[in-house]
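Chemist: Dropping the structure in here first, questions after.
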Number of protein chains: 4
Amino acid sequence: MPLSPEQLAEIEELRANPQPTLRAVSAGMEQHLYKPLEVLDHGFVRVIDYMGDDAAICQAARVSYGKGTKSVSNDEGLIRYLMRHWHSTPFEMCEIKLHVKLPVFVARQWIRHRTANVNEYSARYSILDREFYIPEPQHIAAQSVVNNQGRGEALTGEEAARVLEILKSDAARCYDHYEEMISQEDQQGLARELARMNLPANIYTQWYWKVDLHNLFHFLRLRADAHAQYEIRVYADAICNVVADWVPFAFKAFEDYRMGGATLSTKALDCVRRMLKGEDVSQENSGMSKGEWREFMGILEN
Amino acid sequence: MPLSPEQLAEIEELRANPQPTLRAVSAGMEQHLYKPLEVLDHGFVRVIDYMGDDAAICQAARVSYGKGTKSVSNDEGLIRYLMRHWHSTPFEMCEIKLHVKLPVFVARQWIRHRTANVNEYSARYSILDREFYIPEPQHIAAQSVVNNQGRGEALTGEEAARVLEILKSDAARCYDHYEEMISQEDQQGLARELARMNLPANIYTQWYWKVDLHNLFHFLRLRADAHAQYEIRVYADAICNVVADWVPFAFKAFEDYRMGGATLSTKALDCVRRMLKGEDVSQENSGMSKGEWREFMGILEN
Amino acid sequence: MPLSPEQLAEIEELRANPQPTLRAVSAGMEQHLYKPLEVLDHGFVRVIDYMGDDAAICQAARVSYGKGTKSVSNDEGLIRYLMRHWHSTPFEMCEIKLHVKLPVFVARQWIRHRTANVNEYSARYSILDREFYIPEPQHIAAQSVVNNQGRGEALTGEEAARVLEILKSDAARCYDHYEEMISQEDQQGLARELARMNLPANIYTQWYWKVDLHNLFHFLRLRADAHAQYEIRVYADAICNVVADWVPFAFKAFEDYRMGGATLSTKALDCVRRMLKGEDVSQENSGMSKGEWREFMGILEN
Amino acid sequence: MPLSPEQLAEIEELRANPQPTLRAVSAGMEQHLYKPLEVLDHGFVRVIDYMGDDAAICQAARVSYGKGTKSVSNDEGLIRYLMRHWHSTPFEMCEIKLHVKLPVFVARQWIRHRTANVNEYSARYSILDREFYIPEPQHIAAQSVVNNQGRGEALTGEEAARVLEILKSDAARCYDHYEEMISQEDQQGLARELARMNLPANIYTQWYWKVDLHNLFHFLRLRADAHAQYEIRVYADAICNVVADWVPFAFKAFEDYRMGGATLSTKALDCVRRMLKGEDVSQENSGMSKGEWREFMGILEN
């Protein structure tokens, strides 16, 4: 359970005091505010603030289109049109601020998305908590034999037990030593900015992360994808649930055009057209490499 | 008067319906929402939405500093510390969305600030209104004789009258021709995306502009500065008034450390130290060029 | 002809002095350096500098993949893999710097691409030249009747002649007045930062524009597209020719996966699968709106 | 010694083959290309590519200023003027690409600078080397007693020895276990994307990092500063040496106006003016807090 009683009390207090505002309000999002969605063994995602809703996307688009929008009769239709035609700026008009607790190796992937604002807990300034990500047995997976950057089946038996034991004991020992080094009892104590280098990458950190909806969708497309590492995907999945309640039209369009869609190359489109005319198309006469053809078949047979 | 009765009615309606929210609310900002602050002859700035307040800056900074912040006893002190030490990320945690109506030549300067989100009224899609910026007499200024990119005294008499007449008549004629070209009466009508090229740079456009507080301060430092062109400075000034009501501590720190401050070079600091020791320092023994020395004197004698 | 004899002499001089470098050199790009590619009636694009080549993309990708890349046997295969799987960071490792002369209304579209570096000729500081874009007769097009932000057939006869006459005479008159207002003969002269507001949007400006290859591809995908306005598309086309000579593998992959490809939605993919099974799919049973279906048919029948 | 004989041979080969180019060439930078500058115990910085030189900064600025620049008589003067007046876009016209090997905890600070392009060695895809940062004795420092995020004097005697022993043995053990877990001898082998979580933050990673000169100066101002953590400062210092050889005028201006300069607040400027008039100014009558006053005194007495 990641939150302490004090933190829970603080959340309840924050949620007990609605105030009037003249801004756009998303009823779905108000339900989420401040409440942690638990992720992994000690992590969470919680919404701290948001700006805008589905209507705000349309409002911004209509400035950009001015008087001519009557032909797009409703908000959902307009949002689907914008998503389909890669008009990204209206989606940038919504913003979300999250408080996230996550293992360092997940944070290192996450931070590669540069178009966002971040304030991370400082291990130069403060002492990190003794909290490490230890995977559940079903997620202790073997290296994939087909994908160099993926994982295969779960390990079992002794091998799994050994991995679990290593992760737990190394984390514990490293943290014990971290505490020992910074301790100021009967010694000066090592600088925190140095001592932290002894901590393994499964230790938890936390940050405030603020991003606009367009860039959030880009993050979600990559990180809620089946090829993303499981440990970041679960965060992306949690955020998807939040976004679905926040901007339901935009999220549905995102699911349809981005998450569930696929980009076909010139060659792949040509093959589809030939197939639809009844032609017998194979990798050999497709113009594609074996890898491309296999991915193309994966899309058609999905 | 830039807003029509319909627009005013819409604003009143928007302001008549407060809704409860659990988010941070800035009382000062709620007063501004939707109301246009008039700028120039047909322009305005109005706040459409905002995220965060002074406390949100501290909250984000404290995640980044964790348990160690007790020594900074209060929010204002922390905000001043952050501003003084160029800790920019906590200020990025506040966001503002403005609706701005402005002449095209001002928009062209404004858009150079890239770290913002923009949706502009599209003159490919829609027809621009017949509204042009015509300076008031006291702002019809001569080219500066000391600064190649500035202006000097106001023109007077016949020369001023002639300028005014040119600006008015050319704008009117160009707009008449714009309308003629796109008209579909008894002719096909030129494409709007082409016809717009006949319109001069003092025509008004409008956009939604969304930016975080750190980048807004950067914009304001450059554009509310005495060296900025008057026609963009008046927009920056209007926004300053809004920000002062939104995040009063942050704005005060910004005024003190950025707007009213100055950066001294190594050489300038050295001169100050020598002067304070009673030494007689002149341009000749300062190590500075004449231009630098003049600017340095400007700072000391301000 | 956009370049003066002096400028041509300068280009020849720049091209006459090769110097040795240890950096990656693209032979195709060296042919382009400094030479203007003419665009529209007075515009041009010319390459001022570049960084990297196809091999540099692979080199960066291989750091990111380390020792494991042996299975991707060659540079072209790796580049196609990266493009297909939206691995954008290796393409960011190439950079290009262009000098572009272009009408202001084109510059206003272009600048919306924020992830680039720009230095524009300053009309506050300097005097703009008397050069305006006047479309050739076949590009004086009517407003599209099916697309609110597009153009239809070329205008003909008297209407076309009238448009041409208006564009020419308004540009000439506005420029005459611009010169009159800033003139310092027998008067003070209006500030240049004010006088420029009288100039229509078809006047030419120029800038240095520097961008990485990933963001350039994004620009080209949108602006070399058939739906882009003709006057910016010709610039994008000129740049495509340059890029094809600079990074031939990357450009070919871009053409195949981006320019000639298409993104199909969940519903569209489902329809393709049903069609390939012999099912009779129509708009009514597709789950798509009429607009989506029409676009989908356009892709299949292309 | 961070580079293997194979790598050194590769560097020699790269440096043995100069090719002609028509681009701007910086003689100072050609000397650095590909050669590793050693940093810390296993790290390095090496220049892979660069674009532009001092002249390129001026060339871009002169487009932006057009015909009017004759008054700024030379390149160095113009560069100093641009730096002094915060004209940042001309400096963005130069670009550098570095290959950096650095401990993960340093990489985590470094990556917070978002306006750069990065390709990092992937520990999902590849196996990390057994290389850890172990500080030299004089850098094993105590926590600062005056600065919560700094370090004080070096530890000595038994405490220092204990720290050194912990860092070495924990790193070795964690890496042994990492190897054991991913080993495919007599077992399946844990996925690399999971096994890496056992590695402490002093393990080395590497990346290609590409950035423009303006943003590099921003990085250097913060990271070559005396308050930066030693382990990132040594990288910034190494890069400073490179930049000084690449764009000597720009670097000198940067040193004078940024690194050696200081920003004074409204209150601080007011105090300086009062002091120069002979007034006796103290913290009590300065309007500053004690912290601000202490920092102000630090600047004046430097």
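Letters A, B, ... mark the chains of the structure tokens in the order given; residue numbers begin at 1 per chain; ligand numbers begin at 1, in order shown.
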Within 8 Å of chain C, which residues of chain D come that close, and what is the closest atom pair and distance in Å for each? Count only C-alpha atoms and give it as CSV.
Modeler:
```
residue,atom,partner,partner_atom,distance
D:Leu14,CA,C:Leu22,CA,7.1
D:Arg15,CA,C:Leu22,CA,6.1
D:Asn17,CA,C:Leu22,CA,6.6
D:Pro18,CA,C:Leu22,CA,4.7
D:Gln19,CA,C:Pro20,CA,5.1
D:Pro20,CA,C:Pro20,CA,4.3
D:Thr21,CA,C:Pro18,CA,5.1
D:Leu22,CA,C:Pro18,CA,4.7
D:Arg23,CA,C:Asp49,CA,5.9
D:Ala24,CA,C:Asp49,CA,7.5
D:Val25,CA,C:Thr21,CA,7.0
D:Glu30,CA,C:Leu22,CA,6.6
D:Leu33,CA,C:Leu22,CA,7.0
D:Ile48,CA,C:Arg23,CA,7.5
D:Asp49,CA,C:Arg23,CA,5.9
D:Tyr50,CA,C:Met51,CA,6.9
D:Met51,CA,C:Met51,CA,6.2
D:Gly52,CA,C:Asp49,CA,7.6
D:Ala60,CA,C:Asn119,CA,6.1
D:Ala61,CA,C:Asn119,CA,6.7
D:Arg62,CA,C:Tyr121,CA,7.7
D:Val63,CA,C:Tyr121,CA,4.9
D:Ser64,CA,C:Tyr121,CA,3.8
D:Tyr65,CA,C:Ser122,CA,5.2
D:Gly66,CA,C:Tyr121,CA,5.6
D:Lys67,CA,C:Ser126,CA,6.0
D:Gly68,CA,C:Ser126,CA,5.8
D:Thr89,CA,C:Asn119,CA,6.3
D:Pro90,CA,C:Asn119,CA,6.6
D:Glu92,CA,C:Asn117,CA,6.3
D:Met93,CA,C:Lys210,CA,6.8
D:Lys97,CA,C:Met93,CA,7.8
D:Asn117,CA,C:Glu92,CA,6.3
D:Val118,CA,C:Thr89,CA,6.6
D:Asn119,CA,C:Ser64,CA,5.3
D:Glu120,CA,C:Ser64,CA,4.5
D:Tyr121,CA,C:Ser64,CA,3.8
D:Ser122,CA,C:Ser64,CA,5.0
D:Tyr125,CA,C:Tyr65,CA,5.9
D:Ser126,CA,C:Gly66,CA,5.7
D:Ile127,CA,C:Lys67,CA,7.8
D:Gln206,CA,C:Val63,CA,7.6
D:Trp207,CA,C:Val63,CA,6.5
D:Tyr208,CA,C:Ala60,CA,6.4
D:Lys210,CA,C:Met93,CA,6.8
```
Chemist: Tell me, which residues of region 61-219 of chain A carry DSSP alpha helix (DSSP H), written as a ChimeraX atom specification?
Modeler: /A:61-65,75-84,104-110,157-182,192-195,213-219
Chemist: Could you fit chain B onto chain A with a least-squares superposition over all C-alpha atoms, matched one to one in order, and give me the transformed chain as a short mmCIF file (atom, residue, chain, number, x, y, z; two decimals) with C-alpha atoms, in the first residue's frame?
Modeler:
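Once written, selection_12.cif looks like this:
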```cif
data_model
loop_
_atom_site.label_atom_id
_atom_site.label_comp_id
_atom_site.auth_asym_id
_atom_site.auth_seq_id
_atom_site.Cartn_x
_atom_site.Cartn_y
_atom_site.Cartn_z
CA MET B 1 0.08 0.02 -0.01
CA PRO B 2 1.91 3.10 -1.21
CA LEU B 3 0.14 5.81 0.78
CA SER B 4 0.49 6.39 4.51
CA PRO B 5 -2.46 7.23 6.77
CA GLU B 6 -1.25 10.84 6.81
CA GLN B 7 -1.29 10.97 3.04
CA LEU B 8 -4.75 9.42 2.89
CA ALA B 9 -6.01 11.97 5.38
CA GLU B 10 -4.51 14.74 3.29
CA ILE B 11 -6.25 13.38 0.18
CA GLU B 12 -9.58 13.20 1.97
CA GLU B 13 -9.15 16.75 3.13
CA LEU B 14 -8.32 17.93 -0.37
CA ARG B 15 -11.38 16.14 -1.69
CA ALA B 16 -13.66 17.51 1.02
CA ASN B 17 -13.45 21.11 -0.10
CA PRO B 18 -14.90 21.83 -3.51
CA GLN B 19 -14.65 25.46 -4.54
CA PRO B 20 -16.57 27.30 -7.23
CA THR B 21 -14.79 27.98 -10.50
CA LEU B 22 -15.81 29.52 -13.80
CA ARG B 23 -13.41 27.29 -15.76
CA ALA B 24 -14.35 24.26 -17.81
CA VAL B 25 -14.97 21.34 -15.46
CA SER B 26 -14.77 17.67 -16.40
CA ALA B 27 -17.08 15.72 -14.11
CA GLY B 28 -15.27 12.46 -14.89
CA MET B 29 -11.96 13.97 -13.87
CA GLU B 30 -13.18 15.48 -10.63
CA GLN B 31 -13.81 11.90 -9.46
CA HIS B 32 -10.13 11.08 -9.92
CA LEU B 33 -8.51 14.14 -8.36
CA TYR B 34 -5.82 13.33 -5.77
CA LYS B 35 -6.82 9.66 -5.49
CA PRO B 36 -3.91 7.29 -6.13
CA LEU B 37 -4.36 4.58 -8.72
CA GLU B 38 -2.08 1.81 -7.49
CA VAL B 39 0.50 0.52 -9.98
CA LEU B 40 3.07 -2.26 -9.40
CA ASP B 41 3.95 -3.04 -5.79
CA HIS B 42 4.61 0.45 -4.42
CA GLY B 43 3.83 2.81 -7.27
CA PHE B 44 0.88 5.01 -8.11
CA VAL B 45 -0.48 7.60 -10.49
CA ARG B 46 -2.71 10.33 -9.20
CA VAL B 47 -4.22 13.36 -10.91
CA ILE B 48 -3.23 16.64 -9.26
CA ASP B 49 -4.78 19.07 -11.72
CA TYR B 50 -6.19 19.29 -15.25
CA MET B 51 -7.15 21.99 -17.77
CA GLY B 52 -9.87 21.67 -20.40
CA ASP B 53 -12.26 19.01 -21.64
CA ASP B 54 -13.62 17.74 -24.96
CA ALA B 55 -15.38 21.06 -25.57
CA ALA B 56 -12.12 22.96 -25.07
CA ILE B 57 -10.56 20.99 -27.94
CA CYS B 58 -13.38 22.05 -30.24
CA GLN B 59 -13.34 25.62 -29.03
CA ALA B 60 -9.65 25.93 -29.91
CA ALA B 61 -10.16 24.21 -33.26
CA ARG B 62 -13.01 26.56 -34.07
CA VAL B 63 -10.88 29.61 -33.52
CA SER B 64 -8.51 28.07 -35.91
CA TYR B 65 -11.34 27.46 -38.36
CA GLY B 66 -13.43 30.52 -37.52
CA LYS B 67 -16.85 30.97 -39.09
CA GLY B 68 -16.63 28.07 -41.47
CA THR B 69 -17.19 25.14 -39.14
CA LYS B 70 -20.91 24.75 -39.43
CA SER B 71 -20.51 21.70 -41.65
CA VAL B 72 -18.98 19.69 -38.81
CA SER B 73 -22.18 19.33 -36.90
CA ASN B 74 -21.03 18.23 -33.50
CA ASP B 75 -18.13 18.04 -31.10
CA GLU B 76 -17.51 14.34 -31.44
CA GLY B 77 -17.47 14.51 -35.22
CA LEU B 78 -15.05 17.43 -35.14
CA ILE B 79 -12.75 15.64 -32.68
CA ARG B 80 -12.71 12.53 -34.84
CA TYR B 81 -11.94 14.65 -37.91
CA LEU B 82 -9.07 16.40 -36.13
CA MET B 83 -7.57 13.11 -34.93
CA ARG B 84 -7.93 11.45 -38.34
CA HIS B 85 -6.21 14.32 -40.12
CA TRP B 86 -3.37 14.74 -37.61
CA HIS B 87 -4.50 18.22 -36.54
CA SER B 88 -2.59 18.12 -33.31
CA THR B 89 -2.74 21.68 -31.99
CA PRO B 90 -6.33 21.60 -30.64
CA PHE B 91 -5.42 18.60 -28.46
CA GLU B 92 -2.52 20.60 -27.04
CA MET B 93 -5.10 22.89 -25.46
CA CYS B 94 -5.82 20.35 -22.69
CA GLU B 95 -3.29 19.77 -19.96
CA ILE B 96 -2.92 17.27 -17.12
CA LYS B 97 -0.68 17.22 -14.05
CA LEU B 98 0.09 13.85 -12.46
CA HIS B 99 1.92 12.78 -9.34
CA VAL B 100 3.65 9.49 -10.13
CA LYS B 101 5.63 7.08 -7.99
CA LEU B 102 7.69 4.69 -10.09
CA PRO B 103 10.89 2.62 -10.16
CA VAL B 104 13.97 4.44 -11.41
CA PHE B 105 14.41 2.17 -14.45
CA VAL B 106 10.85 3.04 -15.51
CA ALA B 107 11.52 6.74 -14.87
CA ARG B 108 14.53 6.53 -17.17
CA GLN B 109 12.33 5.37 -20.07
CA TRP B 110 9.56 7.82 -19.24
CA ILE B 111 11.77 10.90 -19.18
CA ARG B 112 12.76 10.33 -22.80
CA HIS B 113 9.46 12.01 -23.66
CA ARG B 114 10.82 15.53 -23.64
CA THR B 115 7.72 17.62 -24.27
CA ALA B 116 6.51 17.64 -20.69
CA ASN B 117 7.25 19.40 -17.41
CA VAL B 118 8.83 17.45 -14.57
CA ASN B 119 9.77 18.00 -10.95
CA GLU B 120 11.40 14.94 -9.45
CA TYR B 121 12.12 14.13 -5.82
CA SER B 122 15.78 15.06 -5.33
CA ALA B 123 18.11 12.42 -3.94
CA ARG B 124 20.80 15.10 -3.66
CA TYR B 125 18.63 16.97 -1.20
CA SER B 126 16.57 14.26 0.46
CA ILE B 127 16.77 10.66 1.56
CA LEU B 128 15.03 8.07 -0.60
CA ASP B 129 12.60 5.62 1.03
CA ARG B 130 13.30 1.92 1.35
CA GLU B 131 10.96 0.83 -1.41
CA PHE B 132 11.97 -1.39 -4.30
CA TYR B 133 10.08 -2.92 -7.16
CA ILE B 134 10.10 -6.71 -6.83
CA PRO B 135 8.18 -8.30 -9.72
CA GLU B 136 5.37 -10.71 -9.01
CA PRO B 137 6.27 -14.28 -9.99
CA GLN B 138 4.31 -14.23 -13.24
CA HIS B 139 6.33 -11.21 -14.41
CA ILE B 140 9.76 -12.70 -13.82
CA ALA B 141 10.20 -13.45 -17.49
CA ALA B 142 12.90 -15.00 -19.62
CA GLN B 143 14.71 -13.11 -22.36
CA SER B 144 12.70 -13.37 -25.56
CA VAL B 145 14.21 -15.67 -28.13
CA VAL B 146 12.60 -13.84 -31.05
CA ASN B 147 12.89 -10.20 -29.96
CA ASN B 148 16.16 -8.84 -28.69
CA GLN B 149 14.47 -6.15 -26.65
CA GLY B 150 11.57 -8.12 -25.25
CA ARG B 151 10.74 -10.88 -22.82
CA GLY B 152 9.32 -14.33 -23.22
CA GLU B 153 7.61 -16.78 -20.88
CA ALA B 154 7.73 -16.49 -17.11
CA LEU B 155 10.59 -18.27 -15.40
CA THR B 156 9.60 -21.05 -13.06
CA GLY B 157 10.92 -23.22 -10.28
CA GLU B 158 14.37 -22.75 -8.90
CA GLU B 159 15.47 -20.19 -11.47
CA ALA B 160 12.55 -17.91 -10.60
CA ALA B 161 13.16 -18.37 -6.91
CA ARG B 162 16.82 -17.52 -7.32
CA VAL B 163 16.04 -14.33 -9.25
CA LEU B 164 13.54 -13.23 -6.65
CA GLU B 165 15.98 -13.89 -3.86
CA ILE B 166 18.74 -11.92 -5.61
CA LEU B 167 16.55 -8.92 -6.30
CA LYS B 168 15.31 -8.80 -2.73
CA SER B 169 18.59 -9.34 -0.97
CA ASP B 170 20.65 -7.03 -3.19
CA ALA B 171 18.11 -4.24 -2.77
CA ALA B 172 18.06 -4.71 0.99
CA ARG B 173 21.83 -4.83 1.30
CA CYS B 174 22.36 -1.80 -0.94
CA TYR B 175 19.81 0.18 1.05
CA ASP B 176 21.33 -0.87 4.37
CA HIS B 177 24.67 0.37 3.11
CA TYR B 178 23.09 3.58 1.80
CA GLU B 179 21.73 4.27 5.27
CA GLU B 180 25.03 3.35 6.88
CA MET B 181 26.99 5.67 4.63
CA ILE B 182 24.76 8.72 5.17
CA SER B 183 24.30 8.11 8.87
CA GLN B 184 25.61 10.92 11.02
CA GLU B 185 25.85 8.84 14.16
CA ASP B 186 29.46 8.71 15.31
CA GLN B 187 30.65 9.79 11.90
CA GLN B 188 30.35 12.69 9.48
CA GLY B 189 28.10 10.91 6.99
CA LEU B 190 28.60 10.67 3.25
CA ALA B 191 26.97 13.35 1.08
CA ARG B 192 23.54 12.21 -0.08
CA GLU B 193 24.39 13.12 -3.68
CA LEU B 194 27.14 10.47 -3.51
CA ALA B 195 25.47 7.83 -1.39
CA ARG B 196 22.57 7.49 -3.82
CA MET B 197 24.91 5.95 -6.38
CA ASN B 198 24.80 2.70 -4.41
CA LEU B 199 21.05 2.25 -4.96
CA PRO B 200 19.84 -0.14 -7.66
CA ALA B 201 17.46 0.87 -10.47
CA ASN B 202 14.42 -0.79 -8.93
CA ILE B 203 14.25 1.76 -6.11
CA TYR B 204 11.18 3.99 -6.30
CA THR B 205 11.32 7.69 -7.06
CA GLN B 206 8.46 10.11 -7.58
CA TRP B 207 7.69 13.18 -9.63
CA TYR B 208 5.13 15.69 -10.73
CA TRP B 209 4.64 15.31 -14.47
CA LYS B 210 2.62 17.77 -16.53
CA VAL B 211 1.86 17.29 -20.20
CA ASP B 212 -0.61 18.40 -22.84
CA LEU B 213 -3.12 15.94 -24.27
CA HIS B 214 -1.46 15.67 -27.70
CA ASN B 215 1.88 14.73 -26.20
CA LEU B 216 0.19 12.48 -23.66
CA PHE B 217 -1.48 10.57 -26.51
CA HIS B 218 1.93 10.18 -28.13
CA PHE B 219 3.29 8.81 -24.84
CA LEU B 220 0.34 6.45 -24.48
CA ARG B 221 0.57 5.19 -28.06
CA LEU B 222 4.16 4.10 -27.44
CA ARG B 223 3.90 3.02 -23.81
CA ALA B 224 0.46 1.39 -23.71
CA ASP B 225 1.52 -0.61 -26.75
CA ALA B 226 1.97 -4.37 -26.54
CA HIS B 227 5.70 -3.96 -27.31
CA ALA B 228 6.35 -1.61 -24.40
CA GLN B 229 8.02 -3.04 -21.31
CA TYR B 230 5.37 -4.35 -18.91
CA GLU B 231 6.53 -2.15 -16.03
CA ILE B 232 5.88 1.10 -17.91
CA ARG B 233 2.80 -0.24 -19.72
CA VAL B 234 0.90 -0.62 -16.46
CA TYR B 235 1.40 3.09 -15.80
CA ALA B 236 0.23 3.93 -19.32
CA ASP B 237 -2.81 1.71 -18.83
CA ALA B 238 -3.71 3.48 -15.59
CA ILE B 239 -3.42 6.85 -17.32
CA CYS B 240 -5.61 5.59 -20.19
CA ASN B 241 -8.37 4.94 -17.67
CA VAL B 242 -8.08 8.48 -16.38
CA VAL B 243 -8.07 10.05 -19.85
CA ALA B 244 -11.14 8.05 -20.88
CA ASP B 245 -13.04 9.72 -18.04
CA TRP B 246 -11.55 13.15 -18.68
CA VAL B 247 -12.07 13.62 -22.45
CA PRO B 248 -14.24 10.69 -23.56
CA PHE B 249 -14.64 11.76 -27.22
CA ALA B 250 -10.94 12.43 -27.69
CA PHE B 251 -9.99 9.18 -26.01
CA LYS B 252 -12.34 7.17 -28.19
CA ALA B 253 -10.93 8.79 -31.31
CA PHE B 254 -7.42 8.07 -30.03
CA GLU B 255 -8.28 4.42 -29.48
CA ASP B 256 -9.80 4.07 -32.91
CA TYR B 257 -7.26 5.99 -35.00
CA ARG B 258 -4.05 5.48 -33.04
CA MET B 259 -4.07 2.56 -30.61
CA GLY B 260 -6.10 0.21 -32.75
CA GLY B 261 -4.98 1.58 -36.11
CA ALA B 262 -1.95 0.75 -38.22
CA THR B 263 0.16 2.59 -40.75
CA LEU B 264 0.56 0.77 -44.05
CA SER B 265 3.48 1.56 -46.34
CA THR B 266 3.20 2.26 -50.05
CA LYS B 267 4.07 -1.37 -50.70
CA ALA B 268 1.59 -2.67 -48.16
CA LEU B 269 -1.22 -0.56 -49.57
CA ASP B 270 -0.36 -1.80 -53.02
CA CYS B 271 -0.56 -5.40 -51.80
CA VAL B 272 -3.96 -4.77 -50.19
CA ARG B 273 -5.26 -3.34 -53.46
CA ARG B 274 -3.93 -6.31 -55.42
CA MET B 275 -5.41 -8.76 -52.91
CA LEU B 276 -8.80 -7.08 -53.12
CA LYS B 277 -8.68 -7.55 -56.89
CA GLY B 278 -8.22 -11.25 -56.25
CA GLU B 279 -4.53 -11.41 -57.01
CA ASP B 280 -2.40 -13.97 -55.19
CA VAL B 281 0.14 -11.90 -53.28
CA SER B 282 3.04 -13.44 -51.39
CA GLN B 283 6.17 -12.11 -49.76
CA GLU B 284 8.11 -12.96 -52.89
CA ASN B 285 6.04 -10.72 -55.15
CA SER B 286 5.20 -8.09 -52.53
CA GLY B 287 8.39 -6.05 -52.74
CA MET B 288 8.68 -6.34 -48.95
CA SER B 289 11.43 -7.89 -46.88
CA LYS B 290 10.57 -10.96 -44.83
CA GLY B 291 10.34 -8.87 -41.67
CA GLU B 292 7.99 -6.35 -43.23
CA TRP B 293 5.82 -9.10 -44.72
CA ARG B 294 5.54 -10.84 -41.35
CA GLU B 295 4.42 -7.61 -39.71
CA PHE B 296 1.99 -6.95 -42.58
CA MET B 297 0.45 -10.42 -42.19
CA GLY B 298 0.17 -9.73 -38.46
CA ILE B 299 -1.94 -6.69 -39.23
CA LEU B 300 -4.20 -8.41 -41.75
CA GLU B 301 -4.80 -11.46 -39.63
CA ASN B 302 -5.07 -9.69 -36.33
#
```
